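Notes follow once the structure below has been shown.
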Amino acid sequence: ISLVVLTEFVLGEDQGGFKGSWRIIHPNQDPTITSPTVRYGHGAIVLGDLMISTHGYFYNHPEHHPDWRNDTWVFSLKDHWFREVNIKSTHNPQASFYPSTVEYEGNAYMFGGDHMIGDGRRGHTFGLGSNEVWKLTIDPISFGGKHFKVLGKYGDYFAPITGRWDLIHSGKASEGSSPSPRACHTSAVLDRKMYIHAGFDRSDMWAYTFATNQWEQQHADNPTGGPGSRFAHAMVAHNGKLWMYGGNIYGVSD
């Protein structure tokens, strides 16, 4: 079951250790509240007091209908509301699931993801992914919290939240070497570079330098060396190192 429930985890000390608890701060699929459609395989980052969520996928099994998403939403971590971003650009990334998304210098950067081919009613068709890098910019005039909610004569309303996508690396050979298309990989930012690792049928690692807009391979495919071939895993940067956890270690061939 896929949900749009948004929860918060509160961590505190408890007799020398740590103890946490979850609480729901946004209900699931309440028709009276503005929120995204149900989805998984989407990307999410934090900019200031906002969580930015974009793209993703949902398969409605009762109706046998797949739903690839390309919409972008913000969630106020302070006031607990969702609003859809009005994308002003006309050339935007395709609807996709399991791209990776990172934050760098106030913008979101999205890499890869699996795209819909046809109507998708035959289910997932892996291997049709992207190797493009896209930058999402949320317009500054609407990014300040005070600009969101406006007191109106007939009640409060929300000022539009706008942004744009820019394709900054096409993944084509004319722009230099780059990772192969993929989805369900993982990424993190370290030392002004975006590192991506593995994904479906992948075990290689690449570094993208924001300043030069160039990729550099860190190690080639090696299913048995290092973390090996895996997907749906997590990676974070901390203290000058990349830390990786979990994932499915079995390759997907079709």
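Chain labels run A, B, ... following the order of the structure tokens; each chain numbers its residues from 1, and ligands are numbered from 1 in the order shown.
With only C-alpha atoms taken into account, the protein and nucleic acid residues at most 10 Å from A:Leu242 (excluding it and anything under 2 positions from it in its own chain) are Ser187, Ala188, Val189, Leu190, Tyr195, Met235, Val236, Ala237, His238, Asn239, Gly240 and Met244 of chain A.
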When you look at stretch 96-112 of chain A with a cut-off of 9 Å (counting only C-alpha atoms), what residues show up, excluding the ones that are within fewer than 5 positions of it in the same chain? I need them as a PyMOL selection string. chain A and resi 40-48+52+54-58+68-70+129-138+181-189+192-194+196+210+232
Near-A:Thr34 list (9 Å; only C-alpha atoms; drop same-chain fewer than 2 positions) as a ChimeraX atom specification: /A:29-32,36,81-84
Just-selected residues, all heavy atoms written as a PDB file, in the first residue's frame:
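Output file selection-v7.pdb is given in full below:
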```pdb
ATOM      1  N   GLN A  29      -4.128  11.013   1.897  1.00  0.00           N
ATOM      2  CA  GLN A  29      -5.168  11.130   0.887  1.00  0.00           C
ATOM      3  C   GLN A  29      -6.460  11.758   1.418  1.00  0.00           C
ATOM      4  O   GLN A  29      -7.555  11.268   1.158  1.00  0.00           O
ATOM      5  CB  GLN A  29      -5.469   9.752   0.279  1.00  0.00           C
ATOM      6  CG  GLN A  29      -4.242   9.094  -0.322  1.00  0.00           C
ATOM      7  CD  GLN A  29      -4.566   7.781  -0.970  1.00  0.00           C
ATOM      8  OE1 GLN A  29      -5.297   7.722  -1.935  1.00  0.00           O
ATOM      9  NE2 GLN A  29      -4.017   6.699  -0.434  1.00  0.00           N
ATOM     10  N   ASP A  30      -6.324  12.827   2.146  1.00  0.00           N
ATOM     11  CA  ASP A  30      -7.483  13.572   2.616  1.00  0.00           C
ATOM     12  C   ASP A  30      -7.917  14.516   1.499  1.00  0.00           C
ATOM     13  O   ASP A  30      -7.182  15.432   1.133  1.00  0.00           O
ATOM     14  CB  ASP A  30      -7.110  14.371   3.875  1.00  0.00           C
ATOM     15  CG  ASP A  30      -8.305  15.068   4.495  1.00  0.00           C
ATOM     16  OD1 ASP A  30      -9.280  15.353   3.766  1.00  0.00           O
ATOM     17  OD2 ASP A  30      -8.277  15.339   5.702  1.00  0.00           O
ATOM     18  N   PRO A  31      -9.121  14.321   0.912  1.00  0.00           N
ATOM     19  CA  PRO A  31      -9.536  15.141  -0.234  1.00  0.00           C
ATOM     20  C   PRO A  31      -9.706  16.621   0.089  1.00  0.00           C
ATOM     21  O   PRO A  31      -9.783  17.446  -0.824  1.00  0.00           O
ATOM     22  CB  PRO A  31     -10.869  14.510  -0.651  1.00  0.00           C
ATOM     23  CG  PRO A  31     -11.367  13.815   0.566  1.00  0.00           C
ATOM     24  CD  PRO A  31     -10.141  13.335   1.293  1.00  0.00           C
ATOM     25  N   THR A  32      -9.756  16.963   1.371  1.00  0.00           N
ATOM     26  CA  THR A  32      -9.937  18.365   1.759  1.00  0.00           C
ATOM     27  C   THR A  32      -8.604  19.092   1.906  1.00  0.00           C
ATOM     28  O   THR A  32      -8.589  20.301   2.149  1.00  0.00           O
ATOM     29  CB  THR A  32     -10.716  18.472   3.082  1.00  0.00           C
ATOM     30  OG1 THR A  32      -9.914  17.925   4.150  1.00  0.00           O
ATOM     31  CG2 THR A  32     -12.033  17.708   3.000  1.00  0.00           C
ATOM     32  N   PRO A  36       0.321  15.867  -2.827  1.00  0.00           N
ATOM     33  CA  PRO A  36       0.641  15.111  -4.043  1.00  0.00           C
ATOM     34  C   PRO A  36      -0.168  13.818  -4.117  1.00  0.00           C
ATOM     35  O   PRO A  36      -0.748  13.366  -3.126  1.00  0.00           O
ATOM     36  CB  PRO A  36       2.137  14.799  -3.881  1.00  0.00           C
ATOM     37  CG  PRO A  36       2.618  15.676  -2.777  1.00  0.00           C
ATOM     38  CD  PRO A  36       1.451  15.948  -1.904  1.00  0.00           C
ATOM     39  N   TRP A  81       2.239  22.278   5.310  1.00  0.00           N
ATOM     40  CA  TRP A  81       1.345  22.283   4.157  1.00  0.00           C
ATOM     41  C   TRP A  81       2.120  21.927   2.893  1.00  0.00           C
ATOM     42  O   TRP A  81       3.322  22.148   2.776  1.00  0.00           O
ATOM     43  CB  TRP A  81       0.641  23.632   3.975  1.00  0.00           C
ATOM     44  CG  TRP A  81       1.517  24.851   4.109  1.00  0.00           C
ATOM     45  CD1 TRP A  81       1.561  25.728   5.156  1.00  0.00           C
ATOM     46  CD2 TRP A  81       2.482  25.344   3.152  1.00  0.00           C
ATOM     47  NE1 TRP A  81       2.484  26.713   4.921  1.00  0.00           N
ATOM     48  CE2 TRP A  81       3.063  26.510   3.699  1.00  0.00           C
ATOM     49  CE3 TRP A  81       2.904  24.918   1.892  1.00  0.00           C
ATOM     50  CZ2 TRP A  81       4.039  27.245   3.021  1.00  0.00           C
ATOM     51  CZ3 TRP A  81       3.888  25.645   1.224  1.00  0.00           C
ATOM     52  CH2 TRP A  81       4.434  26.805   1.795  1.00  0.00           C
ATOM     53  N   PHE A  82       1.416  21.336   1.926  1.00  0.00           N
ATOM     54  CA  PHE A  82       1.950  21.025   0.608  1.00  0.00           C
ATOM     55  C   PHE A  82       1.478  22.067  -0.399  1.00  0.00           C
ATOM     56  O   PHE A  82       0.337  22.538  -0.338  1.00  0.00           O
ATOM     57  CB  PHE A  82       1.442  19.664   0.117  1.00  0.00           C
ATOM     58  CG  PHE A  82       2.270  18.485   0.533  1.00  0.00           C
ATOM     59  CD1 PHE A  82       1.775  17.578   1.461  1.00  0.00           C
ATOM     60  CD2 PHE A  82       3.515  18.251  -0.023  1.00  0.00           C
ATOM     61  CE1 PHE A  82       2.518  16.465   1.825  1.00  0.00           C
ATOM     62  CE2 PHE A  82       4.269  17.146   0.336  1.00  0.00           C
ATOM     63  CZ  PHE A  82       3.766  16.246   1.264  1.00  0.00           C
ATOM     64  N   ARG A  83       2.333  22.406  -1.366  1.00  0.00           N
ATOM     65  CA  ARG A  83       1.925  23.210  -2.509  1.00  0.00           C
ATOM     66  C   ARG A  83       2.699  22.719  -3.739  1.00  0.00           C
ATOM     67  O   ARG A  83       3.902  22.453  -3.659  1.00  0.00           O
ATOM     68  CB  ARG A  83       2.192  24.704  -2.284  1.00  0.00           C
ATOM     69  CG  ARG A  83       1.224  25.378  -1.332  1.00  0.00           C
ATOM     70  CD  ARG A  83      -0.201  25.380  -1.870  1.00  0.00           C
ATOM     71  NE  ARG A  83      -1.140  25.988  -0.957  1.00  0.00           N
ATOM     72  CZ  ARG A  83      -1.786  25.357   0.019  1.00  0.00           C
ATOM     73  NH1 ARG A  83      -1.554  24.072   0.221  1.00  0.00           N
ATOM     74  NH2 ARG A  83      -2.654  25.993   0.774  1.00  0.00           N
ATOM     75  N   GLU A  84       2.001  22.631  -4.868  1.00  0.00           N
ATOM     76  CA  GLU A  84       2.665  22.219  -6.101  1.00  0.00           C
ATOM     77  C   GLU A  84       3.458  23.383  -6.676  1.00  0.00           C
ATOM     78  O   GLU A  84       3.011  24.532  -6.645  1.00  0.00           O
ATOM     79  CB  GLU A  84       1.649  21.724  -7.122  1.00  0.00           C
ATOM     80  CG  GLU A  84       2.291  21.145  -8.373  1.00  0.00           C
ATOM     81  CD  GLU A  84       1.315  20.471  -9.304  1.00  0.00           C
ATOM     82  OE1 GLU A  84       0.090  20.533  -9.022  1.00  0.00           O
ATOM     83  OE2 GLU A  84       1.764  19.882 -10.311  1.00  0.00           O
TER      84      GLU A  84
END
```
Using DSSP on the backbone coordinates, identify all residues within stretch 53-89 of chain A classified as strand (DSSP E or B); present the result as a ChimeraX atom specification. /A:53-60,65-76,82-84,86-87
Restricting the calculation to only C-alpha atoms, which member of A:Pro227, A:Pro179, A:Gly199, A:Gly20 is positioned closest to A:Trp215? A:Pro179
